[in-house]
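Source file run-v8.tsv; content: TSV, C-alpha atoms.
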chain	number	residue	atom	x	y	z
R	112	MET	CA	0.00	0.00	0.00
R	113	GLU	CA	2.91	2.38	0.81
R	114	LYS	CA	4.34	1.72	-2.64
R	115	LEU	CA	0.99	2.61	-4.24
R	116	LYS	CA	0.80	5.86	-2.24
R	117	LYS	CA	4.23	6.92	-3.50
R	118	MET	CA	3.20	6.13	-7.03
R	119	LEU	CA	0.04	8.20	-6.67
R	120	VAL	CA	2.02	11.21	-5.46
R	121	LEU	CA	4.33	10.93	-8.45
R	122	LEU	CA	1.51	10.62	-10.94
R	123	CYS	CA	-0.41	13.54	-9.46
R	124	ALA	CA	2.61	15.74	-10.10
R	125	VAL	CA	2.17	15.20	-13.84
R	126	MET	CA	0.07	17.79	-15.67
R	127	ILE	CA	-3.52	16.58	-15.83
R	128	PHE	CA	-3.81	16.68	-19.61
R	129	THR	CA	-0.56	14.93	-20.53
R	130	ILE	CA	0.22	11.26	-20.76
R	131	THR	CA	3.63	9.63	-20.66
R	132	GLY	CA	5.40	8.98	-23.91
R	133	CYS	CA	5.22	12.48	-25.36
R	134	THR	CA	8.34	14.37	-26.23
R	135	ASP	CA	9.12	18.06	-26.47
R	136	LYS	CA	11.47	18.30	-29.40
R	137	LYS	CA	11.49	22.11	-29.31
R	138	ALA	CA	12.71	22.10	-25.73
R	139	GLU	CA	15.39	19.58	-26.66
R	140	ASN	CA	16.56	21.78	-29.52
R	141	GLU	CA	16.77	24.84	-27.25
R	142	THR	CA	19.19	23.05	-24.93
R	143	THR	CA	21.38	21.71	-27.72
R	144	GLU	CA	24.49	23.74	-28.47
R	145	ASN	CA	24.63	24.24	-32.23
R	146	VAL	CA	24.99	27.02	-34.70
R	147	VAL	CA	22.30	27.38	-37.35
R	148	THR	CA	24.08	28.24	-40.57
R	149	GLU	CA	22.59	29.48	-43.83
R	150	SER	CA	23.29	26.13	-45.48
R	151	VAL	CA	21.28	24.31	-42.83
R	152	THR	CA	18.22	26.49	-43.37
R	153	GLU	CA	18.35	25.69	-47.06
R	154	VAL	CA	17.91	21.97	-46.41
R	155	GLN	CA	14.36	20.94	-47.18
R	156	SER	CA	12.48	20.11	-43.97
R	157	THR	CA	10.37	17.01	-43.66
R	158	ASP	CA	6.62	17.26	-43.12
R	159	SER	CA	7.09	16.35	-39.46
R	160	GLU	CA	9.68	19.05	-38.89
R	161	ASN	CA	7.46	21.66	-40.51
R	162	TYR	CA	4.56	20.99	-38.18
R	163	ASP	CA	6.16	19.61	-35.03
R	164	GLY	CA	4.36	20.99	-31.98
R	165	THR	CA	1.99	23.06	-34.09
R	166	LEU	CA	-1.61	22.38	-35.04
R	167	VAL	CA	-2.24	23.34	-38.65
R	168	PHE	CA	-5.71	22.24	-39.71
R	169	ASP	CA	-6.00	19.89	-42.68
R	170	HIS	CA	-9.52	18.43	-42.74
R	171	SER	CA	-12.34	16.97	-40.66
R	172	LEU	CA	-13.65	13.45	-40.94
R	173	GLU	CA	-16.96	13.34	-42.79
R	174	LEU	CA	-19.49	11.33	-40.80
R	175	LYS	CA	-22.82	10.13	-42.17
R	176	TYR	CA	-24.57	9.11	-38.98
R	177	SER	CA	-22.93	10.14	-35.73
R	178	GLU	CA	-23.75	13.30	-33.80
R	179	ARG	CA	-21.73	12.56	-30.69
R	180	PHE	CA	-18.14	12.72	-31.92
R	181	GLY	CA	-15.93	14.23	-34.57
R	182	ILE	CA	-12.30	14.02	-35.65
R	183	ASP	CA	-10.15	16.86	-36.99
R	184	TYR	CA	-6.93	16.00	-38.81
R	185	TYR	CA	-3.92	18.32	-38.76
R	186	LYS	CA	-0.69	18.55	-40.69
R	187	GLY	CA	2.10	16.30	-39.52
R	188	GLY	CA	-0.23	13.54	-38.37
R	189	TYR	CA	-1.86	15.24	-35.40
R	190	LYS	CA	-5.50	14.41	-34.68
R	191	VAL	CA	-8.04	16.00	-32.35
R	192	ILE	CA	-11.10	14.03	-31.30
R	193	HIS	CA	-14.20	15.68	-29.86
R	194	ALA	CA	-16.78	13.55	-28.03
R	195	ASP	CA	-19.88	14.96	-26.33
R	196	ASP	CA	-22.98	13.68	-24.55
R	197	GLY	CA	-25.38	16.10	-26.21
R	198	ALA	CA	-25.76	18.07	-22.98
R	199	GLY	CA	-22.75	20.34	-23.36
R	200	ASN	CA	-20.16	18.00	-21.82
R	201	GLU	CA	-17.28	17.56	-24.25
R	202	THR	CA	-14.06	15.58	-24.06
R	203	GLN	CA	-11.15	16.59	-26.28
R	204	ILE	CA	-8.45	14.06	-27.11
R	205	VAL	CA	-5.27	15.19	-28.80
R	206	ILE	CA	-3.34	12.43	-30.54
R	207	VAL	CA	0.35	13.16	-30.98
R	208	PRO	CA	2.23	11.17	-33.67
R	209	GLU	CA	5.25	9.16	-32.58
R	210	GLY	CA	8.32	11.34	-32.13
R	211	MET	CA	6.40	14.61	-32.30
R	212	SER	CA	5.99	17.27	-29.62
R	213	VAL	CA	2.81	18.08	-27.72
R	214	PRO	CA	1.22	21.23	-29.21
R	215	LYS	CA	1.42	24.18	-26.86
R	216	GLU	CA	-1.48	26.05	-28.43
R	217	GLY	CA	-4.86	25.19	-29.89
R	218	ILE	CA	-5.91	22.59	-27.32
R	219	LYS	CA	-8.09	22.80	-24.24
R	220	GLU	CA	-6.49	22.96	-20.80
R	221	ASP	CA	-8.25	19.77	-19.76
R	222	ALA	CA	-7.60	17.93	-23.03
R	223	ILE	CA	-6.45	14.32	-22.89
R	224	VAL	CA	-3.16	13.99	-24.73
R	225	LEU	CA	-2.27	10.57	-26.10
R	226	CYS	CA	1.13	9.99	-27.62
R	227	GLN	CA	1.49	7.27	-30.20
R	228	PRO	CA	2.23	4.44	-30.21
R	229	ILE	CA	-0.53	3.65	-27.73
R	230	ASP	CA	0.43	0.27	-26.30
R	231	GLY	CA	-2.89	-0.69	-24.78
R	232	ILE	CA	-6.06	0.58	-23.19
R	233	MET	CA	-8.61	-0.39	-20.59
R	234	CYS	CA	-12.21	-0.97	-21.70
R	235	ALA	CA	-15.34	-0.87	-19.59
R	236	SER	CA	-17.37	-0.69	-22.81
R	237	ALA	CA	-18.20	-3.96	-24.58
R	238	PRO	CA	-19.16	-2.17	-27.83
R	239	THR	CA	-15.68	-0.63	-27.94
R	240	VAL	CA	-14.06	-4.05	-27.59
R	241	ALA	CA	-16.33	-5.44	-30.31
R	242	LEU	CA	-15.37	-2.67	-32.74
R	243	LEU	CA	-11.65	-3.07	-32.10
R	244	ASN	CA	-11.95	-6.83	-32.46
R	245	ALA	CA	-13.74	-6.42	-35.79
R	246	MET	CA	-10.86	-4.21	-36.96
R	247	GLY	CA	-8.31	-6.86	-35.98
R	248	ALA	CA	-7.09	-4.79	-33.05
R	249	LEU	CA	-8.23	-6.75	-30.02
R	250	ASP	CA	-4.60	-6.84	-28.89
R	251	LYS	CA	-4.88	-3.08	-28.23
R	252	VAL	CA	-7.16	-3.84	-25.27
R	253	LYS	CA	-5.18	-4.94	-22.21
R	254	LEU	CA	-7.76	-4.60	-19.44
R	255	THR	CA	-11.51	-5.15	-19.21
R	256	THR	CA	-14.12	-4.76	-16.49
R	257	SER	CA	-16.22	-7.62	-17.87
R	258	ALA	CA	-15.53	-11.10	-16.55
R	259	GLN	CA	-14.74	-13.89	-18.99
R	260	ASN	CA	-18.08	-15.65	-18.44
R	261	SER	CA	-19.98	-12.47	-19.37
R	262	TRP	CA	-18.55	-12.32	-22.89
R	263	TYR	CA	-20.23	-13.81	-25.95
R	264	ILE	CA	-17.51	-12.80	-28.43
R	265	ASP	CA	-15.33	-15.87	-28.96
R	266	ASP	CA	-12.13	-13.91	-29.69
R	267	VAL	CA	-12.50	-12.00	-26.43
R	268	LYS	CA	-13.12	-15.15	-24.39
R	269	LYS	CA	-10.04	-16.76	-25.94
R	270	ALA	CA	-7.89	-13.69	-25.30
R	271	MET	CA	-8.87	-13.78	-21.64
R	272	ALA	CA	-8.27	-17.53	-21.39
R	273	ASP	CA	-4.81	-17.02	-22.93
R	274	GLY	CA	-3.99	-14.24	-20.48
R	275	LYS	CA	-3.77	-11.59	-23.20
R	276	LEU	CA	-6.74	-9.66	-21.83
R	277	GLN	CA	-6.99	-9.16	-18.08
R	278	TYR	CA	-10.08	-8.73	-15.95
R	279	VAL	CA	-9.65	-5.92	-13.39
R	280	GLY	CA	-12.93	-6.18	-11.52
R	281	ASP	CA	-16.31	-4.52	-11.91
R	282	SER	CA	-16.42	-1.14	-13.65
R	283	THR	CA	-17.74	0.48	-10.46
R	284	ALA	CA	-14.85	-0.82	-8.36
R	285	PRO	CA	-11.87	-1.84	-10.50
R	286	ASP	CA	-8.59	-2.96	-8.98
R	287	TYR	CA	-6.46	0.18	-9.17
R	288	GLU	CA	-3.26	-1.63	-8.23
R	289	ILE	CA	-3.61	-3.95	-11.21
R	290	ILE	CA	-4.38	-0.99	-13.45
R	291	THR	CA	-1.32	0.91	-12.23
R	292	ALA	CA	0.95	-2.10	-12.66
R	293	SER	CA	-0.30	-2.65	-16.22
R	294	GLY	CA	1.05	0.66	-17.45
R	295	VAL	CA	-2.27	1.50	-19.11
R	296	ASN	CA	-2.95	5.25	-19.15
R	297	PHE	CA	-6.22	5.49	-21.07
R	298	ALA	CA	-9.64	3.94	-20.50
R	299	VAL	CA	-12.97	3.87	-22.32
R	300	TYR	CA	-16.12	3.72	-20.21
R	301	THR	CA	-19.83	3.71	-20.90
R	302	ARG	CA	-22.16	6.42	-19.61
R	303	MET	CA	-22.32	4.44	-16.36
R	304	LEU	CA	-19.01	5.99	-15.35
R	305	THR	CA	-19.25	7.56	-11.89
R	306	GLU	CA	-17.35	10.65	-10.76
R	307	ASP	CA	-15.55	8.82	-7.98
R	308	VAL	CA	-14.26	6.09	-10.32
R	309	GLU	CA	-13.13	8.67	-12.88
R	310	ALA	CA	-11.36	10.66	-10.17
R	311	GLN	CA	-9.58	7.58	-8.84
R	312	LEU	CA	-8.51	6.54	-12.33
R	313	ASN	CA	-7.12	10.03	-12.93
R	314	LYS	CA	-5.15	9.77	-9.68
R	315	VAL	CA	-3.37	6.65	-10.92
R	316	GLY	CA	-2.57	8.29	-14.26
R	317	VAL	CA	-5.46	6.98	-16.35
R	318	ASN	CA	-7.51	9.44	-18.39
R	319	VAL	CA	-11.03	8.39	-19.36
R	320	LEU	CA	-13.18	8.76	-22.46
R	321	CYS	CA	-16.90	8.17	-22.14
R	322	ASP	CA	-18.31	6.30	-25.14
R	323	TYR	CA	-21.54	8.11	-26.04
R	324	SER	CA	-22.53	5.74	-28.84
R	325	SER	CA	-25.42	4.49	-26.70
R	326	VAL	CA	-27.21	7.84	-27.06
R	327	GLU	CA	-26.85	7.97	-30.84
R	328	LYS	CA	-30.22	7.89	-32.60
R	329	GLU	CA	-28.98	6.44	-35.86
R	330	PRO	CA	-28.19	2.70	-35.59
R	331	MET	CA	-25.19	2.97	-37.92
R	332	ALA	CA	-23.76	5.77	-35.80
R	333	ARG	CA	-22.74	3.10	-33.33
R	334	VAL	CA	-20.66	1.44	-36.00
R	335	GLU	CA	-19.14	4.78	-37.01
R	336	TRP	CA	-17.55	5.02	-33.57
R	337	ALA	CA	-15.02	2.64	-35.09
R	338	TYR	CA	-13.47	5.73	-36.70
R	339	LEU	CA	-12.74	7.18	-33.27
R	340	TYR	CA	-10.95	4.06	-32.10
R	341	GLY	CA	-9.30	3.67	-35.47
R	342	ALA	CA	-7.82	7.16	-35.06
R	343	LEU	CA	-6.17	6.15	-31.79
R	344	PHE	CA	-4.23	3.35	-33.46
R	345	ASN	CA	-3.94	4.66	-37.04
R	346	LEU	CA	-6.52	2.12	-38.22
R	347	GLU	CA	-8.71	4.49	-40.20
R	348	GLU	CA	-8.78	2.21	-43.24
R	349	GLU	CA	-9.85	-0.77	-41.15
R	350	ALA	CA	-12.60	1.36	-39.60
R	351	LYS	CA	-13.78	2.46	-43.04
R	352	LYS	CA	-13.98	-1.14	-44.25
R	353	LEU	CA	-16.01	-2.10	-41.18
R	354	VAL	CA	-18.53	0.71	-41.69
R	355	GLU	CA	-18.84	-0.01	-45.40
R	356	LYS	CA	-19.36	-3.71	-44.73
R	357	GLN	CA	-22.31	-2.96	-42.47
R	358	GLU	CA	-23.74	-0.50	-44.96
R	359	GLU	CA	-23.52	-3.20	-47.62
R	360	ALA	CA	-25.41	-5.60	-45.37
R	361	MET	CA	-28.42	-3.29	-45.66
R	362	THR	CA	-28.08	-2.71	-49.39
R	363	GLY	CA	-31.22	-3.64	-51.24
R	364	ILE	CA	-33.40	-3.72	-48.14
R	365	THR	CA	-36.49	-1.70	-48.84
R	366	GLY	CA	-39.67	-1.46	-46.88
R	367	ASN	CA	-43.01	-2.68	-48.10
R	368	SER	CA	-45.70	-0.17	-49.04
R	369	GLU	CA	-47.18	1.76	-46.15
R	370	SER	CA	-50.36	-0.29	-46.32
R	371	SER	CA	-48.57	-3.63	-46.08
R	372	LYS	CA	-45.77	-2.97	-43.58
R	373	SER	CA	-45.48	-5.48	-40.76
R	374	LYS	CA	-46.01	-3.99	-37.32
R	375	VAL	CA	-43.26	-4.83	-34.83
R	376	ALA	CA	-43.12	-4.48	-31.04
R	377	VAL	CA	-39.76	-4.41	-29.24
R	378	PHE	CA	-39.69	-4.86	-25.47
R	379	TYR	CA	-38.51	-6.92	-22.51
R	380	ILE	CA	-39.81	-7.87	-19.07
R	381	THR	CA	-37.50	-7.91	-16.07
R	382	SER	CA	-37.26	-10.76	-13.58
R	383	LYS	CA	-39.42	-8.60	-11.29
R	384	GLY	CA	-42.17	-8.35	-13.89
R	385	LYS	CA	-41.58	-4.78	-15.11
R	386	LEU	CA	-42.12	-4.23	-18.83
R	387	TYR	CA	-39.89	-1.88	-20.83
R	388	GLY	CA	-40.54	-0.89	-24.44
R	389	ARG	CA	-38.04	0.83	-26.68
R	390	ASN	CA	-38.84	4.51	-27.17
R	391	ALA	CA	-40.03	5.77	-30.54
R	392	ASP	CA	-36.70	7.36	-31.47
R	393	ASP	CA	-34.51	4.62	-30.06
R	394	TYR	CA	-32.03	3.01	-32.41
R	395	MET	CA	-33.78	-0.38	-32.16
R	396	ALA	CA	-37.06	1.20	-33.27
R	397	MET	CA	-35.20	2.77	-36.18
R	398	MET	CA	-33.69	-0.61	-37.08
R	399	VAL	CA	-37.22	-1.99	-37.41
R	400	GLU	CA	-38.08	0.82	-39.81
R	401	TYR	CA	-34.87	0.33	-41.80
R	402	ALA	CA	-35.79	-3.35	-42.11
R	403	GLY	CA	-39.11	-2.42	-43.67
R	404	GLY	CA	-41.33	-2.65	-40.62
R	405	GLU	CA	-43.56	-0.29	-38.70
R	406	TYR	CA	-42.71	0.25	-35.05
R	407	ALA	CA	-45.66	-0.49	-32.75
R	408	LEU	CA	-44.74	2.16	-30.15
R	409	ALA	CA	-44.17	4.95	-32.67
R	410	ASP	CA	-45.97	7.49	-30.46
R	411	VAL	CA	-44.32	6.47	-27.18
R	412	GLY	CA	-41.27	8.39	-25.99
R	413	VAL	CA	-41.05	10.50	-29.13
R	414	GLY	CA	-37.68	12.22	-29.29
R	415	GLU	CA	-36.21	9.83	-26.72
R	416	THR	CA	-33.74	6.97	-27.04
R	417	GLY	CA	-33.54	4.05	-24.62
R	418	THR	CA	-36.56	2.48	-22.95
R	419	VAL	CA	-39.77	3.41	-21.19
R	420	ASN	CA	-41.46	1.52	-18.36
R	421	MET	CA	-45.06	0.62	-19.26
R	422	GLU	CA	-47.92	-1.14	-17.55
R	423	MET	CA	-48.92	-4.32	-19.36
R	424	GLU	CA	-52.39	-2.94	-20.10
R	425	ALA	CA	-50.95	0.18	-21.75
R	426	PHE	CA	-48.51	-1.91	-23.74
R	427	TYR	CA	-51.34	-4.20	-24.83
R	428	GLU	CA	-53.33	-1.27	-26.18
R	429	LYS	CA	-50.39	-0.17	-28.32
R	430	ALA	CA	-48.95	-3.48	-29.46
R	431	ASN	CA	-51.51	-6.30	-29.24
R	432	ASP	CA	-52.02	-6.18	-33.01
R	433	ALA	CA	-48.29	-6.28	-33.80
R	434	ASP	CA	-47.44	-8.82	-36.50
R	435	TYR	CA	-44.07	-9.56	-34.89
R	436	ILE	CA	-42.56	-9.38	-31.44
R	437	ILE	CA	-38.84	-8.87	-30.92
R	438	TYR	CA	-38.06	-9.58	-27.29
R	439	VAL	CA	-34.80	-8.16	-25.94
R	440	TRP	CA	-33.53	-11.34	-24.34
R	441	SER	CA	-30.41	-10.11	-22.58
R	442	MET	CA	-32.06	-7.14	-20.84
R	443	GLY	CA	-34.72	-8.88	-18.76
R	444	GLY	CA	-35.97	-12.35	-18.03
R	445	LYS	CA	-34.41	-14.86	-20.40
R	446	PRO	CA	-37.15	-17.15	-21.76
R	447	GLU	CA	-36.06	-20.39	-23.40
R	448	LYS	CA	-39.46	-21.15	-24.91
R	449	LEU	CA	-42.66	-19.27	-25.61
R	450	ASP	CA	-44.40	-20.50	-22.46
R	451	ASP	CA	-41.68	-18.87	-20.36
R	452	LEU	CA	-42.55	-15.49	-21.85
R	453	LEU	CA	-46.31	-15.99	-21.59
R	454	ALA	CA	-45.98	-16.79	-17.89
R	455	ASN	CA	-45.40	-13.06	-17.31
R	456	SER	CA	-48.98	-12.09	-18.18
R	457	GLU	CA	-52.21	-13.64	-19.43
R	458	LEU	CA	-52.58	-10.66	-21.79
R	459	LEU	CA	-49.58	-11.77	-23.83
R	460	LYS	CA	-51.52	-14.80	-25.02
R	461	ASP	CA	-53.92	-12.48	-26.86
R	462	PHE	CA	-51.21	-10.77	-28.91
R	463	LYS	CA	-51.49	-11.37	-32.64
R	464	ALA	CA	-47.77	-12.17	-32.93
R	465	VAL	CA	-48.10	-14.82	-30.21
R	466	LYS	CA	-51.10	-16.47	-31.86
R	467	GLU	CA	-49.29	-16.53	-35.22
R	468	GLU	CA	-46.00	-17.74	-33.62
R	469	ASN	CA	-44.03	-14.71	-34.73
R	470	VAL	CA	-42.16	-14.14	-31.48
R	471	TRP	CA	-38.40	-13.64	-31.83
R	472	CYS	CA	-35.65	-12.89	-29.33
R	473	THR	CA	-32.33	-11.12	-29.68
R	474	THR	CA	-29.36	-13.43	-29.16
R	475	PRO	CA	-27.17	-13.10	-26.03
R	476	GLU	CA	-24.39	-11.28	-27.91
R	477	TYR	CA	-26.78	-8.72	-29.41
R	478	PHE	CA	-25.57	-5.75	-27.35
R	479	GLN	CA	-21.91	-6.70	-27.55
R	480	ALA	CA	-21.80	-7.04	-31.34
R	481	THR	CA	-21.91	-3.33	-32.20
R	482	ASP	CA	-19.87	-4.12	-35.28
R	483	ALA	CA	-22.85	-6.04	-36.76
R	484	ILE	CA	-25.65	-3.44	-36.74
R	485	GLY	CA	-26.18	-3.76	-40.50
R	486	ASP	CA	-26.35	-7.54	-40.23
R	487	MET	CA	-28.95	-7.18	-37.48
R	488	VAL	CA	-31.14	-4.98	-39.67
R	489	ALA	CA	-30.83	-7.60	-42.41
R	490	ASP	CA	-31.94	-10.27	-39.91
R	491	ILE	CA	-35.05	-8.27	-38.96
R	492	HIS	CA	-35.83	-7.80	-42.64
R	493	THR	CA	-35.52	-11.56	-43.15
R	494	ILE	CA	-38.07	-12.46	-40.46
R	495	LEU	CA	-40.48	-9.79	-41.69
R	496	GLN	CA	-40.65	-11.61	-45.02
R	497	GLY	CA	-42.29	-14.53	-43.24
R	498	GLY	CA	-41.35	-18.19	-43.04
R	499	ALA	CA	-37.90	-17.59	-41.56
R	500	THR	CA	-36.22	-20.11	-39.25
R	501	ASP	CA	-33.32	-19.81	-36.82
R	502	GLU	CA	-31.01	-21.01	-39.58
R	503	ASP	CA	-31.86	-17.96	-41.69
R	504	VAL	CA	-30.70	-15.38	-39.16
R	505	THR	CA	-27.71	-14.78	-36.87
R	506	TYR	CA	-28.75	-12.33	-34.18
R	507	LEU	CA	-32.32	-13.50	-33.57
R	508	PHE	CA	-33.91	-16.75	-32.50
R	509	GLN	CA	-37.55	-17.81	-32.42
R	510	LEU	CA	-39.51	-18.63	-29.28
R	511	LYS	CA	-41.66	-21.68	-29.90
I need this file expressed as structure tokens, please.
Amino acid sequence: MEKLKKMLVLLCAVMIFTITGCTDKKAENETTENVVTESVTEVQSTDSENYDGTLVFDHSLELKYSERFGIDYYKGGYKVIHADDGAGNETQIVIVPEGMSVPKEGIKEDAIVLCQPIDGIMCASAPTVALLNAMGALDKVKLTTSAQNSWYIDDVKKAMADGKLQYVGDSTAPDYEIITASGVNFAVYTRMLTEDVEAQLNKVGVNVLCDYSSVEKEPMARVEWAYLYGALFNLEEEAKKLVEKQEEAMTGITGNSESSKSKVAVFYITSKGKLYGRNADDYMAMMVEYAGGEYALADVGVGETGTVNMEMEAFYEKANDADYIIYVWSMGGKPEKLDDLLANSELLKDFKAVKEENVWCTTPEYFQATDAIGDMVADIHTILQGGATDEDVTYLFQLK
């Protein structure tokens, strides 16, 4: 414990916005005894030398879907990431290319500065891990707050079994000694990040980015967050291929005419019997529409993402005539057969989708596989065509 205290004191002495690994080439040059001759100034400078320590804007990344982050690219390889929660809280991350100096101007005082190469990060966000894994960069994640038995991504489970990815305890109470010993200085959390955990991580030299993809309205925006993580590790091309692959998965999917669209209800019931439907502007409701369906709760929670708690009677009024039910399996009770779901309420037996055996569940990995949003939309489209079986889809299964 005494050793940890000493380490904390040392780390606290470091400026809050800097992270180890950065160099100050200008300072080094000022202390070097040399004479600048005319012939030296005539030597053509490299791109890095021209822009070292200076932010000269080049271009911004063009995003199609996301509203919660952006990336600005600067000369010499510098990048500045902006992430915000939509309520005025913004995080700025300055990425410094290997061998370059930290810019002294043009960045916020509380900016997170990351100097490449970034050896590894800590993730308390499963979607982040899924995106990095899909880009072939799972090795960039050294620590996770999800236990091995909670993962449904095979590559992640194997990495943990092989000791390449270490569990550091629950996200609300991680083991700070393990984190300090790992050398990790950057972490990605979900919106569940608490102030005390963030403060403690900062004390041990770990800066934190909150992944706001969960509040994105557009389903594909969640996939676009791959660009942010690609920027950290110079994997922009891999991120682009991932986004394009998911866009292609939805190519050719068109909805039926307004008069013949299938009506779809999306909800779950907790182990305590509380029913939650997805709000009208939630990304899962939008996925139904992209797949050619009509969302049953289109007038519930308009303008809101996430879920809304509803009484069964109110839900029945809105969704009893739905042609299909998509039950969010991993969020509430986990039925194995249709009778398990119907045991929650006698009213469920009167739903049209139940009578016609059109009740489907999301698979356990549904919320971890952020890299497969396009494939999920394609799955919904497949079941809405009628006659589908479990073999025809990947991220849904039928309750019988």
- Message: So the first atom is atom CA of Gly485 of chain R and the second is atom CA of Ala360 of chain R; what is the distance between them in Å, to one decimal place?
- Response: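 Atom CA of Ala360 of chain R lies at a distance of 5.3 Å from atom CA of Gly485 of chain R.
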- Task: Counting all atoms listed in the file, figure out which residue out of R:Phe462, R:Trp471, R:Tyr438, R:Tyr477 gets nearest to Ile264 of chain R.
- Result: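 Using all atoms listed in the file, the shortest distance to Ile264 of chain R belongs to R:Tyr477.
We find atom CA of Phe378 of chain R and atom CA of Met395 of chain R to be spaced 10.0 Å apart.
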- Could you name the residues that touch Gly274 of chain R at 12 Å or less, counting only C-alpha atoms, but leaving out those on the same chain fewer than 6 positions away, as a ChimeraX atom specification? /R:250,252-255,259,267-268
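The coordinates place atom CA of Met271 of chain R at 22.4 Å from atom CA of Leu312 of chain R.
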- Task: Mind checking which residues fall within 12 Å of Ile232 of chain R, counting only C-alpha atoms, ignoring those fewer than 4 positions away in the same chain, and posting them as JSON, numbers by chain?
- Result: {"R": [225, 228, 236, 239, 240, 243, 248, 249, 250, 251, 252, 253, 254, 255, 256, 276, 277, 290, 291, 293, 294, 295, 296, 297, 298, 299, 300, 317, 318, 319, 320, 340, 343, 344]}
- Message: as a PyMOL selection string, please: the residues near Ser257 of chain R (cut-off 9 Å, only C-alpha atoms, same-chain neighbours under 2 positions excluded).
- Response: chain R and resi 234-237+255+259-262+278-282
- Item | Nearest residue to Ile494 of chain R from the set R:Gly403, R:Pro446, R:Gly164, R:Gly417 (distances using all atoms listed in the file) |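 Result for the nearest residue to Ile494 of chain R: R:Gly403.
Minimum distance to Glu347 of chain R across R:Glu335, R:Ala489, R:Gly316, R:Leu386 (counting only C-alpha atoms) occurs at R:Glu335.
Every protein or nucleic acid residue with an atom no more than 12 Å from Lys448 of chain R, counting only C-alpha atoms and leaving out same-chain residues fewer than 6 positions away, appears here: R:Tyr438, R:Trp440, R:Ala454, R:Val465, R:Glu468, R:Val470, R:Trp471, R:Cys472, R:Phe508, R:Gln509, R:Leu510, R:Lys511.
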Could segment 342-354 of chain R be written out with N, CA and C atoms, as a PDB file, in the first residue's frame, please?
ATOM      1  N   ALA R 342      -8.727   6.011 -35.109  1.00  0.00           N
ATOM      2  CA  ALA R 342      -7.823   7.159 -35.059  1.00  0.00           C
ATOM      3  C   ALA R 342      -6.759   6.980 -33.977  1.00  0.00           C
ATOM      4  N   LEU R 343      -7.120   6.350 -32.878  1.00  0.00           N
ATOM      5  CA  LEU R 343      -6.166   6.146 -31.788  1.00  0.00           C
ATOM      6  C   LEU R 343      -4.971   5.317 -32.237  1.00  0.00           C
ATOM      7  N   PHE R 344      -5.261   4.319 -33.089  1.00  0.00           N
ATOM      8  CA  PHE R 344      -4.228   3.345 -33.462  1.00  0.00           C
ATOM      9  C   PHE R 344      -3.865   3.396 -34.940  1.00  0.00           C
ATOM     10  N   ASN R 345      -4.211   4.501 -35.610  1.00  0.00           N
ATOM     11  CA  ASN R 345      -3.939   4.656 -37.043  1.00  0.00           C
ATOM     12  C   ASN R 345      -4.569   3.532 -37.870  1.00  0.00           C
ATOM     13  N   LEU R 346      -5.794   3.188 -37.522  1.00  0.00           N
ATOM     14  CA  LEU R 346      -6.517   2.119 -38.216  1.00  0.00           C
ATOM     15  C   LEU R 346      -7.742   2.679 -38.939  1.00  0.00           C
ATOM     16  N   GLU R 347      -7.587   3.855 -39.511  1.00  0.00           N
ATOM     17  CA  GLU R 347      -8.710   4.487 -40.204  1.00  0.00           C
ATOM     18  C   GLU R 347      -9.229   3.654 -41.369  1.00  0.00           C
ATOM     19  N   GLU R 348      -8.344   3.024 -42.097  1.00  0.00           N
ATOM     20  CA  GLU R 348      -8.778   2.214 -43.242  1.00  0.00           C
ATOM     21  C   GLU R 348      -9.570   1.000 -42.783  1.00  0.00           C
ATOM     22  N   GLU R 349      -9.121   0.382 -41.692  1.00  0.00           N
ATOM     23  CA  GLU R 349      -9.853  -0.765 -41.146  1.00  0.00           C
ATOM     24  C   GLU R 349     -11.236  -0.341 -40.668  1.00  0.00           C
ATOM     25  N   ALA R 350     -11.310   0.855 -40.067  1.00  0.00           N
ATOM     26  CA  ALA R 350     -12.598   1.365 -39.600  1.00  0.00           C
ATOM     27  C   ALA R 350     -13.524   1.628 -40.786  1.00  0.00           C
ATOM     28  N   LYS R 351     -12.977   2.183 -41.843  1.00  0.00           N
ATOM     29  CA  LYS R 351     -13.782   2.464 -43.038  1.00  0.00           C
ATOM     30  C   LYS R 351     -14.346   1.176 -43.633  1.00  0.00           C
ATOM     31  N   LYS R 352     -13.526   0.143 -43.711  1.00  0.00           N
ATOM     32  CA  LYS R 352     -13.980  -1.137 -44.254  1.00  0.00           C
ATOM     33  C   LYS R 352     -15.095  -1.731 -43.400  1.00  0.00           C
ATOM     34  N   LEU R 353     -14.986  -1.574 -42.081  1.00  0.00           N
ATOM     35  CA  LEU R 353     -16.008  -2.096 -41.177  1.00  0.00           C
ATOM     36  C   LEU R 353     -17.340  -1.383 -41.405  1.00  0.00           C
ATOM     37  N   VAL R 354     -17.300  -0.057 -41.482  1.00  0.00           N
ATOM     38  CA  VAL R 354     -18.528   0.713 -41.695  1.00  0.00           C
ATOM     39  C   VAL R 354     -19.143   0.361 -43.044  1.00  0.00           C
TER      40      VAL R 354
END
